[in-house]
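With compact mmCIF, C-alpha atoms inside, this is entry-v1.txt:
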# COMPACT_ATOMS: atom_id res chain seq x y z
CA MET A 1 214.10 -18.69 -21.20
CA ALA A 2 215.46 -21.37 -18.91
CA PRO A 3 217.09 -20.37 -15.62
CA ARG A 4 220.85 -19.87 -15.84
CA GLY A 5 222.85 -23.07 -15.36
CA HIS A 6 219.98 -25.43 -16.18
CA HIS A 7 221.45 -28.76 -17.41
CA PRO A 8 218.67 -31.39 -17.64
CA ARG A 9 221.02 -34.37 -18.06
CA ARG A 10 223.27 -33.44 -15.18
CA THR A 11 220.27 -32.57 -13.05
CA ALA A 12 218.72 -35.97 -13.71
CA LEU A 13 221.98 -37.75 -12.78
CA LEU A 14 222.17 -35.75 -9.59
CA TYR A 15 218.56 -36.64 -8.86
CA ILE A 16 219.34 -40.36 -9.18
CA ALA A 17 222.30 -39.98 -6.82
CA MET A 18 220.16 -38.15 -4.29
CA LEU A 19 217.48 -40.85 -4.38
CA SER A 20 220.09 -43.51 -3.72
CA THR A 21 221.25 -41.85 -0.48
CA THR A 22 217.99 -40.93 1.22
CA SER A 23 214.35 -41.92 1.31
CA VAL A 24 213.13 -38.51 2.44
CA PHE A 25 212.71 -37.15 -1.07
CA ALA A 26 209.47 -37.30 -3.01
CA SER A 27 208.08 -35.89 -6.20
CA ALA A 28 207.52 -32.14 -5.96
CA ARG A 29 204.48 -32.44 -8.12
CA ARG A 30 202.57 -33.77 -5.10
CA VAL A 31 203.45 -30.70 -3.08
CA ALA A 32 203.50 -27.98 -5.72
CA GLY A 33 201.70 -24.95 -4.35
CA ALA A 34 201.74 -26.27 -0.77
CA GLN A 35 203.86 -24.73 1.96
CA VAL A 36 206.75 -27.19 2.22
CA ALA A 37 210.51 -26.73 2.48
CA ALA A 38 212.67 -28.25 -0.21
CA PHE A 39 216.04 -29.89 0.05
CA THR A 40 218.99 -27.50 0.08
CA SER A 41 222.53 -28.69 -0.44
CA ARG A 42 225.45 -27.42 1.63
CA ALA A 43 226.45 -25.31 -1.35
CA SER A 44 223.12 -23.46 -1.30
CA ARG A 45 223.87 -22.16 2.17
CA ALA A 46 227.35 -21.02 1.12
CA GLU A 47 226.47 -19.41 -2.21
CA VAL A 48 224.63 -16.11 -2.65
CA ALA A 49 222.17 -15.80 -5.51
CA LYS A 50 224.13 -14.56 -8.50
CA GLY A 51 223.42 -11.73 -10.85
CA GLY A 52 220.35 -10.02 -12.14
CA ARG A 53 216.67 -10.48 -11.68
CA ALA A 54 215.18 -13.92 -11.68
CA PRO A 55 213.20 -14.78 -14.83
CA THR A 56 209.46 -14.42 -14.39
CA HIS A 57 208.65 -17.46 -16.56
CA ALA A 58 210.89 -20.40 -17.19
CA PRO A 59 210.53 -24.12 -17.97
CA ARG A 60 210.18 -26.23 -14.86
CA PRO A 61 213.49 -27.93 -13.95
CA THR A 62 213.40 -31.67 -14.61
CA LEU A 63 214.69 -32.42 -11.14
CA ALA A 64 211.80 -32.88 -8.75
CA HIS A 65 211.92 -30.96 -5.48
CA SER A 66 211.80 -32.78 -2.17
CA ALA A 67 210.09 -31.79 1.02
CA ILE A 68 211.20 -31.65 4.63
CA HIS A 69 209.12 -30.56 7.58
CA SER A 70 209.83 -27.24 9.33
CA SER A 71 208.64 -26.61 12.90
CA SER A 72 207.54 -23.07 12.07
CA ARG A 73 206.15 -23.54 8.58
CA PHE A 74 206.51 -25.53 5.38
CA ALA A 75 208.21 -23.80 2.47
CA THR A 76 208.90 -24.76 -1.12
CA GLY A 77 211.24 -23.84 -3.84
CA MET A 78 214.70 -24.02 -2.29
CA ALA A 79 217.75 -23.95 -4.54
CA LEU A 80 218.87 -26.93 -6.55
CA PHE A 81 222.36 -27.22 -7.91
CA SER A 82 223.98 -28.76 -10.95
CA SER A 83 227.72 -28.72 -10.34
CA MET A 84 228.65 -32.00 -11.95
CA THR A 85 231.54 -31.83 -14.38
CA ALA A 86 231.96 -34.01 -17.45
CA ASN A 87 233.67 -36.78 -15.46
CA GLY A 88 231.22 -36.56 -12.59
CA ALA A 89 233.49 -34.55 -10.27
CA SER A 90 232.13 -31.61 -8.30
CA LYS A 91 233.91 -28.26 -8.07
CA SER A 92 232.67 -25.58 -5.70
CA SER A 93 233.67 -22.83 -8.13
CA GLU A 94 231.24 -24.24 -10.69
CA VAL A 95 228.24 -24.47 -8.38
CA GLU A 96 225.21 -22.84 -9.96
CA GLU A 97 221.77 -22.38 -8.43
CA GLU A 98 218.52 -23.35 -10.07
CA PHE A 99 215.15 -22.26 -8.75
CA ASP A 100 211.72 -23.54 -9.60
CA TRP A 101 210.12 -20.23 -10.56
CA ASP A 102 206.68 -21.86 -10.73
CA ILE A 103 206.58 -22.02 -6.92
CA LEU A 104 208.60 -18.91 -6.13
CA LEU A 105 207.97 -15.21 -6.66
CA PRO A 106 210.48 -13.56 -9.01
CA PHE A 107 213.10 -11.80 -6.90
CA GLU A 108 216.42 -10.04 -7.35
CA LYS A 109 219.45 -9.24 -5.25
CA HIS A 110 219.08 -6.01 -3.34
CA SER A 111 221.26 -3.78 -1.19
CA HIS A 112 222.77 -4.90 2.11
CA ASN A 113 222.41 -8.60 1.33
CA SER A 114 218.64 -8.49 0.98
CA ILE A 115 216.21 -9.55 -1.75
CA LYS A 116 213.55 -7.51 -3.55
CA ILE A 117 210.25 -8.66 -5.02
CA ALA A 118 208.83 -6.11 -7.44
CA VAL A 119 205.15 -6.82 -8.10
CA GLN A 120 204.30 -5.72 -11.64
CA GLU A 121 201.58 -3.20 -12.44
CA THR A 122 199.64 -5.60 -14.67
CA ASP A 123 199.68 -9.29 -15.40
CA SER A 124 203.05 -9.94 -17.05
CA GLY A 125 202.10 -12.84 -19.25
CA GLU A 126 200.03 -15.95 -19.79
CA THR A 127 200.72 -17.06 -16.23
CA ASP A 128 200.73 -14.29 -13.63
CA PRO A 129 203.37 -15.04 -10.96
CA TYR A 130 201.63 -12.58 -8.62
CA ASP A 131 198.17 -14.13 -8.83
CA ALA A 132 196.37 -13.44 -5.53
CA SER A 133 195.29 -17.07 -5.10
CA THR A 134 198.88 -18.34 -4.91
CA PHE A 135 200.72 -15.19 -3.81
CA HIS A 136 200.93 -16.07 -0.11
CA SER A 137 202.25 -19.61 -0.62
CA LYS A 138 204.81 -18.37 -3.16
CA LEU A 139 205.84 -15.59 -0.82
CA GLU A 140 206.39 -18.06 2.02
CA ALA A 141 208.51 -20.21 -0.29
CA THR A 142 210.54 -17.20 -1.38
CA LEU A 143 211.15 -16.13 2.22
CA ALA A 144 212.35 -19.64 3.08
CA THR A 145 214.74 -19.48 0.13
CA ALA A 146 216.05 -16.10 1.25
CA GLN A 147 216.62 -17.34 4.79
CA GLN A 148 218.51 -20.39 3.57
CA LEU A 149 220.68 -18.00 1.55
CA SER A 150 221.33 -16.02 4.76
CA LYS A 151 219.67 -12.88 3.42
CA THR A 152 219.13 -10.11 5.94
CA ALA A 153 215.80 -8.74 4.75
CA ALA A 154 213.12 -8.97 2.10
CA TRP A 155 211.48 -6.04 0.30
CA ILE A 156 208.27 -5.95 -1.72
CA THR A 157 207.09 -3.08 -3.92
CA VAL A 158 203.36 -3.16 -4.65
CA PRO A 159 201.61 -0.82 -7.10
CA MET A 160 198.29 0.66 -6.02
CA SER A 161 196.45 -1.36 -8.68
CA ARG A 162 197.42 -4.56 -6.84
CA ALA A 163 196.94 -3.31 -3.29
CA ARG A 164 195.06 -6.47 -2.29
CA LEU A 165 198.42 -8.26 -2.18
CA ILE A 166 199.50 -6.05 0.72
CA GLU A 167 197.16 -7.95 3.05
CA GLU A 168 198.69 -11.24 1.93
CA ALA A 169 202.17 -9.89 2.57
CA SER A 170 201.16 -8.75 6.06
CA LYS A 171 200.24 -12.35 6.90
CA SER A 172 203.91 -13.22 6.33
CA GLY A 173 205.10 -10.49 8.66
CA PHE A 174 205.72 -7.63 6.22
CA GLN A 175 205.26 -4.05 7.36
CA PHE A 176 205.02 -0.75 5.52
CA HIS A 177 208.33 1.03 5.07
CA HIS A 178 207.27 3.89 2.81
CA ALA A 179 205.05 4.82 -0.10
CA GLU A 180 205.74 7.15 -2.99
CA GLY A 181 203.46 8.02 -5.87
CA SER A 182 201.39 4.90 -6.63
CA VAL A 183 203.82 2.33 -5.16
CA ALA A 184 204.04 1.05 -1.58
CA THR A 185 207.25 -0.52 -0.27
CA LEU A 186 207.05 -3.21 2.41
CA ASN A 187 209.86 -4.79 4.39
CA LYS A 188 210.53 -7.83 6.56
CA TRP A 189 213.66 -8.47 8.63
CA LEU A 190 214.78 -12.10 8.20
CA LEU A 191 217.49 -12.63 10.81
CA GLU A 192 215.68 -14.18 13.72
CA GLY A 193 216.96 -13.20 17.14
CA GLN A 194 218.53 -10.02 15.80
CA GLU A 195 216.99 -6.58 15.98
CA SER A 196 216.12 -5.09 12.61
CA ARG A 197 218.77 -2.78 11.21
CA VAL A 198 216.54 -1.39 8.46
CA PRO A 199 216.52 2.41 8.92
CA ASN A 200 213.33 4.45 9.03
CA TYR A 201 212.39 6.15 5.80
CA ALA A 202 212.90 9.90 5.33
CA THR A 203 213.73 10.89 8.89
CA HIS A 204 214.52 14.44 7.75
CA GLN A 205 213.42 17.01 5.24
CA VAL A 206 215.83 19.67 3.99
CA GLY A 207 214.83 23.32 3.73
CA VAL A 208 216.74 26.35 2.50
CA GLY A 209 216.48 30.06 3.19
CA ALA A 210 218.24 32.88 1.33
CA VAL A 211 219.81 36.06 2.66
CA VAL A 212 220.11 38.25 -0.45
CA ILE A 213 221.59 41.75 -0.11
CA ASN A 214 221.66 44.23 -3.00
CA GLU A 215 224.02 47.16 -3.67
CA LYS A 216 221.73 49.49 -1.68
CA ASP A 217 222.21 47.41 1.47
CA GLU A 218 218.67 46.07 1.23
CA ILE A 219 217.60 42.52 2.03
CA LEU A 220 215.15 40.55 -0.12
CA CYS A 221 212.02 39.64 1.86
CA VAL A 222 208.64 38.02 1.24
CA ARG A 223 205.33 37.76 3.01
CA GLU A 224 203.25 34.64 2.45
CA LYS A 225 199.46 34.53 2.31
CA ARG A 226 199.41 32.18 5.29
CA ASN A 227 201.57 31.24 8.28
CA ASN A 228 203.19 34.63 8.66
CA TYR A 229 204.76 34.28 12.06
CA ARG A 230 206.73 37.49 11.54
CA PRO A 231 206.09 40.62 9.43
CA TRP A 232 208.79 39.58 6.93
CA LYS A 233 210.75 36.43 6.13
CA VAL A 234 213.59 35.57 3.80
CA PRO A 235 212.61 33.58 0.69
CA GLY A 236 213.10 29.83 0.79
CA GLY A 237 211.47 26.41 0.81
CA LEU A 238 212.12 22.68 0.63
CA SER A 239 214.79 21.12 -1.53
CA GLU A 240 213.77 18.53 -4.08
CA LEU A 241 214.99 14.95 -4.24
CA GLY A 242 218.52 14.85 -5.67
CA GLU A 243 218.90 18.65 -5.53
CA ASP A 244 222.02 20.21 -4.01
CA LEU A 245 221.68 23.03 -1.49
CA ASP A 246 223.00 25.70 -3.81
CA GLU A 247 220.62 24.61 -6.58
CA ALA A 248 217.64 24.50 -4.21
CA VAL A 249 218.13 27.95 -2.68
CA VAL A 250 218.77 29.65 -6.05
CA ARG A 251 215.64 28.00 -7.46
CA GLU A 252 213.46 28.96 -4.49
CA VAL A 253 214.47 32.62 -4.66
CA LEU A 254 213.78 32.75 -8.39
CA GLU A 255 210.40 31.05 -7.98
CA GLU A 256 209.25 33.22 -5.06
CA THR A 257 210.63 36.60 -6.12
CA GLY A 258 211.78 36.43 -9.75
CA ILE A 259 215.28 37.49 -8.70
CA LYS A 260 218.20 35.58 -10.24
CA CYS A 261 220.99 34.93 -7.77
CA GLU A 262 224.37 33.29 -7.32
CA PHE A 263 225.09 31.03 -4.35
CA MET A 264 227.92 32.28 -2.15
CA SER A 265 228.02 30.35 1.14
CA VAL A 266 226.13 28.85 4.08
CA LEU A 267 225.56 31.07 7.11
CA GLY A 268 224.18 28.42 9.44
CA VAL A 269 221.90 25.41 9.96
CA ARG A 270 218.83 24.99 12.14
CA HIS A 271 217.81 21.49 13.24
CA VAL A 272 214.29 20.92 14.62
CA HIS A 273 212.08 17.87 15.21
CA GLY A 274 208.37 17.17 14.86
CA SER A 275 208.06 19.21 11.68
CA GLN A 276 205.93 18.46 8.61
CA PHE A 277 204.60 14.85 8.58
CA GLY A 278 206.31 14.35 11.94
CA ARG A 279 209.76 14.48 10.32
CA SER A 280 212.84 16.29 11.57
CA ASP A 281 213.93 19.36 9.63
CA LEU A 282 217.32 20.70 8.56
CA PHE A 283 217.09 24.33 7.44
CA PHE A 284 220.15 25.83 5.75
CA VAL A 285 220.40 29.62 5.69
CA CYS A 286 222.52 30.66 2.70
CA ARG A 287 224.16 33.87 1.50
CA LEU A 288 223.23 34.70 -2.11
CA GLN A 289 224.26 37.53 -4.39
CA PRO A 290 221.71 39.00 -6.83
CA ILE A 291 222.70 38.91 -10.50
CA PRO A 292 222.23 42.24 -12.33
CA ASP A 293 220.65 42.41 -15.76
CA GLU A 294 222.40 43.50 -18.97
CA ASP A 295 222.11 47.13 -17.89
CA GLY A 296 223.74 46.38 -14.56
CA LYS A 297 220.50 46.79 -12.61
CA ILE A 298 218.93 44.43 -10.08
CA ALA A 299 215.39 43.50 -11.07
CA SER A 300 212.39 44.40 -8.96
CA PRO A 301 210.97 41.34 -7.18
CA THR A 302 207.56 39.95 -8.11
CA PRO A 303 205.49 37.58 -5.92
CA GLN A 304 204.94 33.92 -6.74
CA GLU A 305 201.31 33.40 -7.69
CA GLY A 306 199.38 31.43 -5.09
CA GLU A 307 202.01 31.58 -2.34
CA ILE A 308 203.28 35.10 -1.83
CA GLU A 309 200.67 37.65 -0.87
CA GLY A 310 200.34 39.96 -3.87
CA LYS A 311 198.00 42.58 -2.41
CA LYS A 312 198.13 43.64 1.19
CA ARG A 313 197.67 46.85 3.14
CA CYS A 314 200.87 47.26 5.08
CA GLY A 315 201.52 47.34 8.80
CA LYS A 316 204.37 48.74 10.86
CA TYR A 317 207.27 47.06 9.07
CA LEU A 318 205.57 46.99 5.67
CA LEU A 319 204.35 50.51 5.12
CA GLN A 320 207.33 52.32 3.62
CA HIS A 321 209.11 49.52 1.83
CA CYS A 322 206.59 47.37 -0.01
CA LEU A 323 206.71 47.50 -3.79
CA ILE A 324 203.70 49.42 -5.01
CA SER A 325 201.67 47.61 -7.64
CA GLN A 326 201.58 49.44 -10.96
CA THR A 327 197.89 48.71 -11.36
CA LEU A 328 196.75 49.14 -7.77
CA SER A 329 198.64 52.10 -6.32
CA ALA A 330 196.76 51.94 -3.01
CA LEU A 331 197.79 48.31 -2.41
CA TYR A 332 201.22 46.79 -1.96
CA GLU A 333 203.07 43.74 -3.16
CA ALA A 334 204.39 41.58 -0.34
CA VAL A 335 207.79 41.00 -1.94
CA ALA A 336 210.30 43.72 -1.18
CA TRP A 337 213.83 44.97 -0.90
CA LEU A 338 213.73 45.96 2.77
CA PRO A 339 216.52 48.13 4.21
CA LEU A 340 218.84 45.78 6.07
CA LYS A 341 218.90 48.18 9.02
CA GLU A 342 215.15 47.83 9.53
CA TYR A 343 215.24 44.07 9.04
CA ARG A 344 217.97 43.90 11.68
CA GLU A 345 215.83 45.95 14.05
CA MET A 346 212.95 43.58 13.46
CA VAL A 347 214.82 40.34 14.19
CA ASN A 348 216.56 41.92 17.20
CA SER A 349 213.25 43.10 18.67
CA ASP A 350 212.36 42.09 22.23
CA ASP A 351 208.73 41.82 21.14
CA PRO A 352 208.04 38.05 21.01
CA LYS A 353 205.70 38.61 18.06
CA VAL A 354 208.32 40.47 16.03
CA GLY A 355 211.81 39.31 17.00
CA HIS A 356 213.41 36.29 15.33
CA PRO A 357 216.17 34.61 17.43
CA MET A 358 217.51 32.40 14.63
CA MET A 359 217.72 35.18 12.05
CA LYS A 360 219.25 37.44 14.67
CA GLN A 361 222.17 35.01 14.79
CA MET A 362 222.33 34.70 11.01
CA ILE A 363 222.55 38.47 10.56
CA GLN A 364 225.42 38.58 13.04
CA VAL A 365 227.22 35.93 10.97
CA LEU A 366 226.43 37.92 7.83
CA ASP A 367 228.03 41.02 9.36
CA GLN A 368 231.28 39.13 9.94
CA GLY A 369 231.84 38.89 6.19
CA LEU A 370 231.93 36.20 3.53
CA ASP A 371 235.36 34.94 4.54
CA ASN A 372 233.93 33.66 7.83
CA ASP A 373 230.97 31.77 6.32
CA ILE A 374 230.70 28.02 5.84
CA GLN A 375 232.35 27.30 2.51
CA ARG A 376 231.37 24.89 -0.23
CA MET A 377 233.66 22.70 -2.31
CA ILE A 378 233.20 19.70 -4.60
CA VAL A 379 234.97 16.47 -3.67
CA THR A 380 235.16 13.06 -5.30
CA SER A 381 233.61 10.08 -3.56
CA VAL A 382 235.42 7.03 -2.24
CA VAL A 383 232.39 4.95 -3.28
CA PRO A 384 232.90 3.57 -6.81
CA GLY A 385 230.47 4.98 -9.34
CA ARG A 386 229.15 7.75 -7.10
CA ARG A 387 229.33 11.24 -8.58
CA PRO A 388 231.34 14.04 -6.93
CA SER A 389 229.40 15.85 -4.22
CA PRO A 390 229.55 19.16 -2.36
CA VAL A 391 231.11 19.37 1.10
CA TYR A 392 230.39 22.32 3.39
CA HIS A 393 233.06 23.27 5.91
CA ALA A 394 234.43 26.06 8.06
CA PRO A 395 236.93 28.41 6.41
CA ILE A 396 240.40 26.94 6.05
CA ARG A 397 242.97 29.55 6.95
CA PRO A 398 246.44 29.64 5.39
CA ASP A 399 249.13 28.19 7.60
CA ASN A 400 251.19 31.18 8.77
CA SER A 401 253.33 29.21 11.18
CA ASP A 402 256.37 29.71 8.96
Give the structure from the file, written as structure tokens.
Amino acid sequence: MAPRGHHPRRTALLYIAMLSTTSVFASARRVAGAQVAAFTSRASRAEVAKGGRAPTHAPRPTLAHSAIHSSSRFATGMALFSSMTANGASKSSEVEEEFDWDILLPFEKHSHNSIKIAVQETDSGETDPYDASTFHSKLEATLATAQQLSKTAAWITVPMSRARLIEEASKSGFQFHHAEGSVATLNKWLLEGQESRVPNYATHQVGVGAVVINEKDEILCVREKRNNYRPWKVPGGLSELGEDLDEAVVREVLEETGIKCEFMSVLGVRHVHGSQFGRSDLFFVCRLQPIPDEDGKIASPTPQEGEIEGKKRCGKYLLQHCLISQTLSALYEAVAWLPLKEYREMVNSDDPKVGHPMMKQMIQVLDQGLDNDIQRMIVTSVVPGRRPSPVYHAPIRPDNSD
């Protein structure tokens, strides 16, 4: 499929006109594959590449590309335009770009006025545009095109199967931004003389913890097989990508204890740095209410296999309140409904190996009642196309001024 706006006759006429005004231009066939910069009209600097991903394979435009020397490097493949009307007049509103995709890497418009090159997992056709032998020269040409279009940055995604291209990209100044699954994402800032405004990837992880109280004034607790900094902890874990807080905390409690719950509110947030993978951590402590079964009873908790310690002889705070295993009466499950009074004593303890300053504060908030918790509501977004999202805020009191 030919690139959008390709008009061979008009392009040829424009070529003749260009040759009549300058002697700088030469046949691009002599410089195809070399690192040279092609002629760019004034319109190419004013227009942004329009719409959709560039075609991977397309017939070569009939208009030959010229070359001009650059002090930093040669680059090829700059935009050509066919804006001639039927009577030969030029209208800026009709300017359309044409690229020689034989000497450029396929790219598409990306966020924040950048471009993105998505290297394909396997060869995409008879001619592979990402062939390692020509990748670097095509990348240089594509970067020159992006700079002429005043793009802010360039992104490349490279699958693991084509990792050898990462070294070629590094020669053009690309750096790792992040990797996920089998794909690495690289980035290069293009505005010379300006500090990069590309944000770091995943500066924070989001964790959730659940304070669940039953009708007997007992709090749901777990004891993990490892990293038990305190005798008991509330169930919780990390939220998943795209998961709301209420969804994450309800899921974690169900997975770790088997107890179905309803989200009620947020009690507080802890913010720490230097956590897992060197990231910062936001940990939301939430109030949940257990959901009774059809008989109106709250189920007995059961440990999550592999994470929660299923068999453990109990110590000071475990002895009386562990759930006794039906098959091993002398051993105890490390998932329990612990009397809230004893949990409060534990977190308030002056013993540095027992007390828990953060949970001490959360229990004080809990004691103030639900009406004083951080509330959740769903609001629509001002960004077109973005789905409604939850907002968490302090309680809004009725205006009693009247």
What is the CA of Glu140 in chain A-CA of Ser182 in chain A distance in Å, reported with one decimal?
25.0 Å
Provide the CA of Lys360 in chain A to CA of Val347 in chain A distance in Å, to one decimal place.
5.3 Å
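With distances restricted to all atoms listed in the file, A:Trp337 is the closest residue to Pro235 in chain A from A:Phe107, A:Trp337, A:Phe174, A:Tyr130.
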Nearby residues (all atoms listed in the file) at most 7 Å from Pro301 in chain A, same-chain spacing under 4 positions excluded, as a list in words
Thr257, Gly258, Ile259, Val335 and Ala336 of chain A
For C-alpha atoms, I'd like the residues from the last selection saved as an mmCIF file, in the frame of the given file.
data_model
loop_
_atom_site.group_PDB
_atom_site.id
_atom_site.type_symbol
_atom_site.label_atom_id
_atom_site.label_comp_id
_atom_site.auth_asym_id
_atom_site.auth_seq_id
_atom_site.Cartn_x
_atom_site.Cartn_y
_atom_site.Cartn_z
ATOM 1 C CA THR A 257 210.630 36.600 -6.120
ATOM 2 C CA GLY A 258 211.780 36.430 -9.750
ATOM 3 C CA ILE A 259 215.280 37.490 -8.700
ATOM 4 C CA VAL A 335 207.790 41.000 -1.940
ATOM 5 C CA ALA A 336 210.300 43.720 -1.180
#
Ile156 in chain A surroundings by all atoms listed in the file, 12 Å radius, close-in-sequence under 5 positions cut, as a ChimeraX atom specification:
/A:105-108,110,114-120,130,139,142-143,163,165-166,168-170,172-179,183-189
Around all the atoms of range 143-158 of chain A listed in the file, draw an axis-aligned box and extend it by 4 Å on each of the six sides; I want its centre and edge lengths in Å to one decimal, as AutoDock Vina command-line options.
--center_x 212.3 --center_y -11.7 --center_z 0.6 --size_x 26.0 --size_y 25.3 --size_z 18.6
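Between CA of Tyr343 in chain A and CA of Glu294 in chain A the separation is 28.9 Å.
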For range 215-231 of chain A: contacts at 8 Å, all atoms listed in the file, fewer than 2 positions along chain excluded, given as JSON, numbers by chain
{"A": [211, 212, 213, 233, 234, 235, 256, 257, 303, 307, 308, 309, 317, 318, 334, 335, 336, 337, 338, 339, 340, 343, 353, 354, 355, 356]}
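Closest approach to Met160 in chain A among A:Pro357, A:Gly181, A:Pro398, A:Pro290: A:Gly181, based on all atoms listed in the file.
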